[in-house]
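work.cif (mmCIF, C-alpha atoms) appears below.
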data_entry
#
loop_
_atom_site.label_atom_id
_atom_site.label_comp_id
_atom_site.auth_asym_id
_atom_site.auth_seq_id
_atom_site.Cartn_x
_atom_site.Cartn_y
_atom_site.Cartn_z
CA MET A 229 8.87 -0.08 -53.51
CA LEU A 230 9.26 -1.30 -49.94
CA GLU A 231 10.26 1.56 -47.65
CA PRO A 232 11.37 1.52 -44.00
CA LYS A 233 9.42 3.53 -41.46
CA PRO A 234 10.23 7.28 -41.50
CA SER A 235 12.29 7.22 -38.30
CA VAL A 236 14.66 4.63 -39.81
CA LYS A 237 14.77 6.29 -43.21
CA THR A 238 15.96 9.61 -41.80
CA MET A 239 18.33 8.41 -39.08
CA GLN A 240 22.12 8.15 -39.44
CA ARG A 241 23.69 4.69 -39.24
CA TYR A 242 26.33 4.21 -36.55
CA ILE A 243 29.35 2.47 -38.13
CA PRO A 244 32.20 1.88 -35.65
CA PRO A 245 35.66 1.14 -37.16
CA LEU A 246 35.84 -2.52 -36.17
CA GLU A 247 37.70 -4.13 -39.08
CA GLY A 248 41.40 -4.95 -39.31
CA ARG A 249 42.17 -4.50 -35.61
CA ARG A 250 43.60 -7.88 -34.67
CA GLY A 251 47.35 -8.10 -34.16
CA LYS A 252 47.58 -4.40 -33.25
CA LEU A 253 47.76 -2.57 -29.93
CA ARG A 254 44.05 -1.87 -29.48
CA LEU A 255 43.68 1.34 -27.49
CA ASP A 256 40.61 2.48 -29.43
CA PHE A 257 37.55 0.67 -28.00
CA ASN A 258 38.28 0.54 -24.26
CA GLU A 259 38.44 -3.24 -24.29
CA ASN A 260 40.38 -5.35 -21.83
CA THR A 261 43.68 -5.31 -23.72
CA LEU A 262 44.79 -8.59 -22.12
CA GLY A 263 41.57 -10.40 -22.97
CA PRO A 264 39.56 -12.42 -20.45
CA SER A 265 40.74 -14.50 -17.53
CA PRO A 266 42.56 -17.73 -18.49
CA LYS A 267 39.69 -19.51 -16.74
CA VAL A 268 37.34 -18.13 -19.40
CA VAL A 269 39.49 -19.40 -22.26
CA ALA A 270 39.76 -22.83 -20.59
CA ALA A 271 35.99 -22.99 -20.09
CA LEU A 272 35.33 -22.11 -23.73
CA ARG A 273 37.69 -24.86 -24.89
CA ARG A 274 35.53 -27.36 -23.02
CA ILE A 275 32.39 -26.47 -24.99
CA THR A 276 30.83 -29.58 -26.55
CA GLY A 277 28.81 -30.16 -29.69
CA GLU A 278 25.76 -30.62 -27.50
CA ASP A 279 26.36 -27.20 -25.92
CA ILE A 280 26.41 -25.61 -29.37
CA GLY A 281 23.43 -27.55 -30.69
CA THR A 282 21.16 -26.89 -27.71
CA TYR A 283 19.28 -23.71 -26.89
CA PRO A 284 21.00 -21.83 -24.02
CA GLU A 285 20.10 -22.31 -20.35
CA TYR A 286 20.27 -19.32 -18.04
CA SER A 287 19.56 -20.46 -14.48
CA ARG A 288 23.23 -20.74 -13.43
CA ILE A 289 24.29 -17.35 -14.80
CA TYR A 290 21.29 -15.67 -13.19
CA SER A 291 22.08 -17.24 -9.82
CA LYS A 292 25.82 -16.54 -9.87
CA LEU A 293 25.57 -13.01 -11.31
CA ALA A 294 22.77 -11.96 -8.94
CA SER A 295 24.81 -13.24 -6.00
CA SER A 296 27.90 -11.37 -7.22
CA LEU A 297 25.89 -8.14 -7.53
CA GLY A 298 24.13 -8.55 -4.20
CA ILE A 299 20.66 -8.48 -5.74
CA GLY A 300 17.82 -10.94 -6.33
CA GLU A 301 17.51 -12.90 -9.57
CA GLU A 302 14.14 -11.23 -10.11
CA GLU A 303 15.96 -7.86 -10.20
CA LEU A 304 18.16 -8.91 -13.10
CA CYS A 305 17.78 -9.41 -16.86
CA ILE A 306 20.74 -10.66 -18.92
CA THR A 307 21.11 -9.30 -22.44
CA ASN A 308 23.27 -9.49 -25.56
CA ALA A 309 25.74 -6.94 -24.08
CA SER A 310 24.80 -3.50 -22.76
CA ASP A 311 23.95 -2.24 -26.27
CA ASP A 312 21.08 -4.72 -26.27
CA ALA A 313 20.26 -3.81 -22.66
CA ILE A 314 19.82 -0.16 -23.67
CA LYS A 315 17.67 -1.17 -26.64
CA VAL A 316 15.41 -3.43 -24.58
CA VAL A 317 14.97 -0.83 -21.82
CA LEU A 318 14.10 1.97 -24.24
CA GLU A 319 11.68 -0.29 -26.12
CA SER A 320 10.03 -1.14 -22.81
CA TYR A 321 9.38 2.46 -21.75
CA LEU A 322 9.50 4.78 -24.77
CA ASP A 323 6.90 5.30 -27.46
CA LYS A 324 6.81 7.35 -30.63
CA GLY A 325 6.85 11.05 -29.81
CA ASP A 326 8.12 10.59 -26.24
CA GLU A 327 10.97 12.87 -25.14
CA ILE A 328 14.27 11.47 -23.88
CA ILE A 329 17.03 13.65 -22.42
CA VAL A 330 20.52 12.60 -23.53
CA PRO A 331 23.54 14.57 -22.25
CA ALA A 332 26.23 14.70 -24.94
CA PRO A 333 28.82 13.77 -26.03
CA THR A 334 28.07 10.19 -25.04
CA PHE A 335 27.59 6.64 -26.33
CA ALA A 336 25.90 6.87 -29.75
CA MET A 337 23.44 4.00 -29.33
CA PHE A 338 21.10 5.92 -27.02
CA GLU A 339 20.17 8.25 -29.85
CA VAL A 340 20.13 5.41 -32.39
CA TYR A 341 17.64 3.27 -30.45
CA ALA A 342 15.51 6.24 -29.42
CA SER A 343 15.34 7.35 -33.05
CA ILE A 344 14.22 3.91 -34.22
CA ILE A 345 11.37 4.08 -31.73
CA GLY A 346 10.48 7.53 -33.03
CA ALA A 347 11.20 9.25 -29.73
CA ILE A 348 12.29 12.88 -29.56
CA VAL A 349 15.92 13.16 -28.42
CA ARG A 350 16.63 16.29 -26.42
CA THR A 351 20.38 16.76 -26.32
CA ILE A 352 21.93 18.61 -23.38
CA LEU A 353 25.59 19.45 -23.95
CA TYR A 354 28.15 18.70 -21.26
CA ASN A 355 29.80 21.74 -19.68
CA ASP A 356 32.79 23.29 -21.45
CA ASN A 357 35.12 21.55 -18.99
CA LEU A 358 33.35 18.27 -19.89
CA SER A 359 31.73 17.89 -16.49
CA PHE A 360 28.16 16.59 -16.27
CA PRO A 361 25.58 19.37 -16.90
CA ALA A 362 23.57 18.69 -13.74
CA GLU A 363 21.66 21.97 -13.56
CA GLN A 364 20.82 21.96 -17.25
CA VAL A 365 19.48 18.40 -17.06
CA LEU A 366 17.38 19.16 -13.99
CA GLN A 367 15.93 22.25 -15.65
CA ALA A 368 15.18 20.28 -18.83
CA ILE A 369 12.95 17.75 -17.03
CA THR A 370 9.33 18.69 -17.77
CA GLU A 371 5.98 16.97 -18.10
CA LYS A 372 7.04 16.03 -21.64
CA THR A 373 10.08 14.11 -20.41
CA LYS A 374 9.71 10.33 -20.45
CA ALA A 375 13.33 9.29 -19.91
CA ILE A 376 16.72 10.64 -18.85
CA VAL A 377 20.06 9.01 -19.70
CA ILE A 378 23.07 9.16 -17.38
CA VAL A 379 26.36 7.46 -18.33
CA ASN A 380 28.58 7.11 -15.30
CA PRO A 381 31.49 7.39 -15.90
CA ASN A 382 30.71 8.90 -19.26
CA ASN A 383 32.06 7.70 -22.58
CA PRO A 384 33.91 9.37 -24.33
CA THR A 385 34.77 12.01 -21.72
CA GLY A 386 35.48 9.71 -18.76
CA THR A 387 33.87 12.19 -16.38
CA ALA A 388 31.84 10.92 -13.43
CA VAL A 389 28.43 11.98 -12.14
CA GLU A 390 28.10 12.50 -8.41
CA ARG A 391 25.75 10.13 -6.60
CA ALA A 392 23.89 13.08 -5.07
CA VAL A 393 23.21 14.46 -8.56
CA ILE A 394 21.79 11.13 -9.75
CA ILE A 395 19.52 11.02 -6.70
CA GLU A 396 18.36 14.58 -7.36
CA ILE A 397 17.47 13.62 -10.94
CA LEU A 398 15.69 10.46 -9.76
CA GLU A 399 13.61 12.47 -7.31
CA LYS A 400 12.67 15.17 -9.80
CA ALA A 401 11.90 12.68 -12.56
CA LYS A 402 9.66 10.62 -10.24
CA ASP A 403 7.70 8.30 -12.54
CA ARG A 404 9.98 8.91 -15.54
CA LEU A 405 12.68 6.42 -16.57
CA VAL A 406 16.19 7.26 -15.37
CA LEU A 407 18.58 4.97 -17.26
CA VAL A 408 22.07 4.82 -15.76
CA ASP A 409 24.72 3.18 -17.94
CA GLU A 410 27.52 1.84 -15.73
CA ALA A 411 29.65 0.12 -18.37
CA TYR A 412 32.79 1.57 -16.74
CA SER A 413 31.68 1.54 -13.10
CA GLN A 414 34.08 -1.25 -12.10
CA PHE A 415 36.95 1.19 -12.61
CA THR A 416 35.47 3.53 -9.98
CA GLY A 417 34.06 0.97 -7.57
CA GLU A 418 30.87 3.04 -7.42
CA SER A 419 27.34 2.15 -8.50
CA VAL A 420 23.76 3.22 -7.85
CA LYS A 421 22.40 -0.31 -8.17
CA ASP A 422 21.77 -0.29 -4.43
CA LEU A 423 19.08 2.37 -5.01
CA ILE A 424 16.74 0.19 -7.08
CA GLY A 425 14.64 -0.62 -4.00
CA ARG A 426 14.31 3.05 -3.15
CA TYR A 427 13.64 4.47 -6.63
CA GLU A 428 11.15 2.61 -8.83
CA ASN A 429 12.19 4.74 -11.84
CA LEU A 430 15.85 3.66 -11.74
CA VAL A 431 17.21 1.21 -14.31
CA VAL A 432 20.94 0.36 -14.37
CA VAL A 433 22.82 -1.38 -17.19
CA GLN A 434 26.24 -2.98 -16.91
CA THR A 435 28.41 -5.15 -19.16
CA PHE A 436 31.00 -7.93 -19.37
CA SER A 437 32.58 -6.25 -22.43
CA LYS A 438 35.03 -3.93 -20.68
CA ILE A 439 36.61 -5.12 -17.47
CA TYR A 440 35.80 -8.82 -17.99
CA GLY A 441 37.24 -8.88 -21.52
CA LEU A 442 34.21 -10.48 -23.20
CA SER A 443 33.58 -7.88 -25.91
CA GLY A 444 33.49 -10.52 -28.65
CA LEU A 445 30.91 -12.68 -26.90
CA ARG A 446 28.36 -9.95 -26.03
CA LEU A 447 27.06 -10.27 -22.48
CA GLY A 448 25.40 -7.53 -20.45
CA TYR A 449 22.54 -7.08 -18.04
CA VAL A 450 19.85 -4.83 -16.65
CA ILE A 451 19.36 -4.19 -12.93
CA SER A 452 16.11 -2.74 -11.61
CA SER A 453 13.13 -3.40 -9.36
CA ARG A 454 11.30 -6.70 -9.69
CA ARG A 455 8.31 -4.93 -11.25
CA ASN A 456 10.46 -3.24 -13.90
CA ILE A 457 12.39 -6.41 -14.70
CA GLU A 458 9.14 -8.29 -15.27
CA SER A 459 8.30 -5.76 -18.01
CA ILE A 460 11.80 -5.69 -19.48
CA ARG A 461 11.94 -9.49 -19.72
CA LYS A 462 8.75 -9.40 -21.82
CA VAL A 463 10.59 -7.30 -24.41
CA ASN A 464 13.91 -9.17 -24.21
CA SER A 465 14.33 -12.11 -26.58
CA PRO A 466 14.21 -15.47 -24.74
CA TYR A 467 17.39 -16.54 -26.56
CA SER A 468 19.34 -13.29 -26.87
CA VAL A 469 22.43 -14.51 -24.97
CA ASN A 470 24.30 -17.43 -26.53
CA THR A 471 25.68 -20.45 -24.71
CA ALA A 472 29.33 -19.48 -25.20
CA ALA A 473 28.66 -16.09 -23.56
CA VAL A 474 26.95 -17.79 -20.61
CA ILE A 475 29.85 -20.22 -20.11
CA ALA A 476 32.38 -17.39 -20.37
CA GLY A 477 30.41 -15.20 -17.97
CA LEU A 478 30.28 -17.94 -15.34
CA ALA A 479 34.04 -18.51 -15.61
CA ALA A 480 34.77 -14.77 -15.49
CA LEU A 481 32.78 -14.39 -12.28
CA ASP A 482 34.88 -17.15 -10.75
CA ASP A 483 38.12 -15.21 -11.19
CA GLN A 484 37.77 -12.00 -9.18
CA GLU A 485 41.52 -11.98 -8.50
CA TYR A 486 42.20 -11.53 -12.23
CA LEU A 487 39.63 -8.76 -12.33
CA GLN A 488 41.12 -6.84 -9.41
CA SER A 489 44.63 -7.22 -10.80
CA TYR A 490 43.59 -5.80 -14.17
CA VAL A 491 41.77 -2.85 -12.59
CA ALA A 492 44.89 -1.96 -10.59
CA GLU A 493 46.99 -2.18 -13.77
CA VAL A 494 44.57 0.05 -15.72
CA LEU A 495 44.46 2.71 -13.01
CA ALA A 496 48.26 2.84 -12.94
CA SER A 497 48.35 2.99 -16.72
CA ARG A 498 45.77 5.78 -16.84
CA ALA A 499 47.75 7.89 -14.37
CA PHE A 500 50.95 7.26 -16.33
CA LEU A 501 49.34 8.31 -19.62
CA ALA A 502 47.94 11.52 -18.16
CA ASP A 503 51.29 12.42 -16.61
CA GLU A 504 53.33 11.67 -19.74
CA LEU A 505 50.94 13.55 -22.00
CA LYS A 506 51.20 16.55 -19.70
CA LYS A 507 55.00 16.41 -19.94
CA LEU A 508 54.61 16.55 -23.71
CA GLY A 509 52.47 19.66 -23.43
CA ILE A 510 49.29 17.82 -24.42
CA ALA A 511 46.14 18.66 -22.47
CA ALA A 512 44.59 15.42 -21.21
CA LEU A 513 41.52 14.50 -19.19
CA SER A 514 42.09 11.25 -17.31
CA GLY A 515 38.55 10.92 -15.95
CA LYS A 516 37.29 7.89 -14.03
CA ALA A 517 37.04 5.20 -16.71
CA ASN A 518 39.73 3.13 -18.47
CA PHE A 519 40.88 5.78 -20.93
CA VAL A 520 42.19 9.32 -21.25
CA LEU A 521 41.03 12.03 -23.61
CA ALA A 522 43.84 14.06 -25.17
CA GLN A 523 43.71 17.29 -27.17
CA PHE A 524 45.82 17.22 -30.35
CA GLY A 525 44.06 20.07 -32.12
CA GLN A 526 44.53 20.29 -35.88
CA ARG A 527 46.98 17.36 -35.84
CA CYS A 528 44.35 14.99 -34.51
CA LYS A 529 43.71 13.09 -37.75
CA GLU A 530 47.41 13.00 -38.60
CA ILE A 531 48.36 11.60 -35.18
CA ASP A 532 45.63 8.98 -35.42
CA GLU A 533 46.80 7.83 -38.86
CA ARG A 534 50.52 7.81 -38.03
CA LEU A 535 49.96 5.78 -34.87
CA ARG A 536 47.90 3.32 -36.93
CA GLU A 537 50.89 2.93 -39.27
CA LYS A 538 52.88 1.88 -36.20
CA GLY A 539 50.25 -0.70 -35.26
CA ILE A 540 48.65 1.36 -32.49
CA LEU A 541 44.92 2.08 -32.65
CA VAL A 542 43.33 5.05 -30.87
CA ARG A 543 39.97 6.76 -31.44
CA ASP A 544 39.59 10.20 -33.01
CA ARG A 545 36.53 11.74 -31.32
CA SER A 546 36.56 15.02 -33.28
CA SER A 547 33.09 14.37 -34.69
CA ASP A 548 31.54 14.41 -31.19
CA PRO A 549 30.09 17.62 -29.74
CA LEU A 550 32.71 19.60 -27.77
CA LEU A 551 35.51 17.20 -28.74
CA LYS A 552 37.02 18.65 -31.92
CA GLY A 553 40.73 17.79 -31.93
CA TYR A 554 40.43 15.12 -29.20
CA ILE A 555 41.69 11.54 -29.31
CA ARG A 556 40.52 8.92 -26.82
CA ILE A 557 43.26 6.55 -25.67
CA SER A 558 42.40 3.37 -23.79
CA ALA A 559 44.50 2.62 -20.73
CA GLY A 560 45.62 -0.99 -21.04
CA THR A 561 48.58 -2.35 -19.12
CA LEU A 562 51.44 -0.13 -17.98
CA SER A 563 53.78 -1.70 -20.55
CA GLN A 564 51.24 -0.97 -23.30
CA ALA A 565 50.94 2.63 -22.12
CA LYS A 566 54.74 2.98 -22.27
CA GLN A 567 54.74 1.55 -25.79
CA PHE A 568 52.10 4.10 -26.79
CA ILE A 569 54.08 7.03 -25.36
CA ARG A 570 57.26 5.90 -27.13
CA SER A 571 55.42 5.73 -30.44
CA LEU A 572 53.64 9.02 -29.84
CA LYS A 573 56.97 10.80 -29.28
CA GLU A 574 58.12 9.50 -32.65
CA VAL A 575 55.13 10.96 -34.51
CA LEU A 576 54.85 14.30 -32.74
#

Transcribe the structure of this file into structure tokens.
Amino acid sequence: MLEPKPSVKTMQRYIPPLEGRRGKLRLDFNENTLGPSPKVVAALRRITGEDIGTYPEYSRIYSKLASSLGIGEEELCITNASDDAIKVVLESYLDKGDEIIVPAPTFAMFEVYASIIGAIVRTILYNDNLSFPAEQVLQAITEKTKAIVIVNPNNPTGTAVERAVIIEILEKAKDRLVLVDEAYSQFTGESVKDLIGRYENLVVVQTFSKIYGLSGLRLGYVISSRRNIESIRKVNSPYSVNTAAVIAGLAALDDQEYLQSYVAEVLASRAFLADELKKLGIAALSGKANFVLAQFGQRCKEIDERLREKGILVRDRSSDPLLKGYIRISAGTLSQAKQFIRSLKEVL
């Protein structure tokens, strides 16, 4: 009988609840709830049969994206969303038996990809107040450590990591990989991508899935030093990003006004949600991303299910470490946030 390798055989499969979501108020996956810029939709409608039948070309997206980020094209590697970026980076630097430090709770795919490689995942729990466990992470870095993961802001807690803390980790880790996931960084306006010339061990991943509204097309990228990117491109598939994603990405980059407008709307919505939840006596952590984390205790599953019956999707995070009884609620537009609060009052 054909058997998978031991690391795959023993690992748990990550199965996100993706089905049956269309036509509902999607506050469960932190997507852009309005979808992409109208310029993106228009560009996709212009796709030809030749575009679909020809292998993708990447020179334009590399040039435009690098310019937008203020980096060189040789410091950039585009990927099939940030999930793929994480996978490619870990495959480039981790081997079987290597130790990777992953503060938790966080995005599940770090552990999934590390486990496939056969790496040893050392989990460091966030602090009880869900702040980043800086001291614990620094103390955990030893000669055995090959990589450290930092998600900033973190998902699913929304908490940010101070720049000084990231620098301290970079300096202590020295020649070890420090992977910083900035999927939600556009909501803070802060990034450490400017440090790639100073710290050779820094690798940053970002995505078009959240703020740009391209979750369904899968476009992300890796930012690092030229030397690191040369290695990462060796591991990355030469055709991993499809033509539709490239065309959409180019159009999205051309509409920064839409982007800025949506960010402003989300920040207002996030503040509104936190304030209204507080009025209802529900403890909520607004964080720095595009969602809030609310404590519903033993009613968590019930609230989730009853909101779903009303066509509103949220994400029960009770299975995550430290998050028993918590629901994550994406902050879409202000009108969507008001609709959520009205429905929540009806089910409480």

Enclosing box along x, y and z for every listed atom of segment 380-392 of chain A, padded 5 Å each side, centre and size in Å, one decimal, as AutoDock Vina command-line options:
--center_x 29.7 --center_y 10.1 --center_z -14.7 --size_x 21.6 --size_y 16.0 --size_z 29.3

Point out the residue among A:Val432, A:Val450, A:Leu572, A:Val463 with the least atom-to-atom distance to Ser320 of chain A, counting all atoms listed in the file.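 Smallest separation from Ser320 of chain A among the options: A:Val463.
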
Quick one: pull the distance between atom CA of Ser465 of chain A and atom CA of Tyr290 of chain A, Å, one decimal.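 If I compute the distance from atom CA of Ser465 of chain A to atom CA of Tyr290 of chain A, I get 15.5 Å.
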
For atom CA of Tyr321 of chain A and atom CA of Val431 of chain A, the interatomic separation in Å (one decimal):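 Atom CA of Tyr321 of chain A sits 10.9 Å away from atom CA of Val431 of chain A.
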
Can I get the residues of segment 456-501 of chain A within 9 Å of segment 260-271 of chain A, each with the closest pair of atoms and their distance in Å to one decimal, using all atoms listed in the file, sorted chain first then ascending number, as a Markdown table?
| residue | atom | partner | partner_atom | distance |
| --- | --- | --- | --- | --- |
| A:Ile475 | CA | A:Ala271 | CA | 6.7 |
| A:Ala476 | CA | A:Val268 | CA | 5.1 |
| A:Gly477 | CA | A:Val268 | CA | 7.7 |
| A:Leu478 | CA | A:Val268 | CA | 8.1 |
| A:Ala479 | CA | A:Val268 | CA | 5.0 |
| A:Ala480 | CA | A:Val268 | CA | 5.8 |
| A:Asp482 | CA | A:Lys267 | CA | 8.0 |
| A:Asp483 | CA | A:Ser265 | CA | 6.9 |
| A:Tyr486 | CA | A:Ser265 | CA | 6.2 |
| A:Leu487 | CA | A:Ser265 | CA | 7.8 |
| A:Tyr490 | CA | A:Asn260 | CA | 8.3 |

Could you expand the PyMOL selection byres ((chain A and resi 498-510) around 12) into the explicit residues it covers here, written as a PyMOL selection string? chain A and resi 255+258+386+415+491-497+511-525+527-528+553-570+572-574+576

Hey, what's within 7 Å of Val469 of chain A if we count only C-alpha atoms and toss same-chain stuff fewer than 4 positions away? As a PyMOL selection string, please? chain A and resi 307-308+447+473

Check what the PyMOL selection byres ((chain A and resi 471) around 12) selects in the file above and give those residues as a VMD selection string. chain A and resid 271 to 272 275 to 289 308 445 to 447 467 to 470 472 to 478

Which distance in Å separates atom CA of Glu371 of chain A and atom CA of Ile352 of chain A, to one decimal?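 Between atom CA of Glu371 of chain A and atom CA of Ile352 of chain A the gap is 16.9 Å.
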
Dump as a Markdown table the rows for residues of segment 342-394 of chain A within 12 Å of segment 309-319 of chain A: closest atom pair and distance in Å with one decimal, only C-alpha atoms counted, ordered by chain and rising residue number.
| residue | atom | partner | partner_atom | distance |
| --- | --- | --- | --- | --- |
| A:Ala342 | CA | A:Leu318 | CA | 6.9 |
| A:Ser343 | CA | A:Leu318 | CA | 10.4 |
| A:Ile344 | CA | A:Glu319 | CA | 9.5 |
| A:Ile345 | CA | A:Glu319 | CA | 7.1 |
| A:Gly346 | CA | A:Glu319 | CA | 10.5 |
| A:Ala347 | CA | A:Leu318 | CA | 9.6 |
| A:Lys374 | CA | A:Leu318 | CA | 10.2 |
| A:Ala375 | CA | A:Leu318 | CA | 8.5 |
| A:Ile376 | CA | A:Leu318 | CA | 10.5 |
| A:Val377 | CA | A:Ile314 | CA | 10.0 |
| A:Ile378 | CA | A:Ile314 | CA | 11.7 |
| A:Val379 | CA | A:Ile314 | CA | 11.4 |

Counting all atoms listed in the file, find residues at most 10 Å from (20.5, 15.0, -23.3) (file frame) and give them as a list in words.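 Those within range, by chain then number, are Glu327, Ile328, Ile329, Val330, Pro331, Ala332, Pro333, Thr334, Phe338, Glu339, Val349, Arg350, Thr351, Ile352, Leu353, Tyr354, Pro361, Gln364, Val365, Ala368, Ala375, Ile376, Val377 and Ile378 of chain A.
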
Distance cut-off 12 Å, centre (19.8, 13.4, -9.1) in file coordinates, counting all atoms listed in the file: which residues qualify? Return them as a PyMOL selection string. chain A and resi 360-367+369+376-378+389-402+406-408+420+423+427+429-430

Which residue is closest to Lys538 of chain A? Choose from A:Met229, A:Arg254, A:Val236, A:Ser437 and count only C-alpha atoms.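 Ranking A:Met229, A:Arg254, A:Val236, A:Ser437 by distance to Lys538 of chain A, first place goes to A:Arg254.
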
Between A:Glu259, A:Ser291, A:Gln240, A:Thr373, which is the closest to Tyr412 of chain A once you count only C-alpha atoms?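 Checking each of A:Glu259, A:Ser291, A:Gln240, A:Thr373 against Tyr412 of chain A, counting only C-alpha atoms, the winner is A:Glu259.
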
Which is closer to Val340 of chain A than all the others in A:Tyr449, A:Tyr242, A:Tyr440, A:Phe257, using only C-alpha atoms?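 Of the candidates, the smallest distance to Val340 of chain A is held by A:Tyr242.
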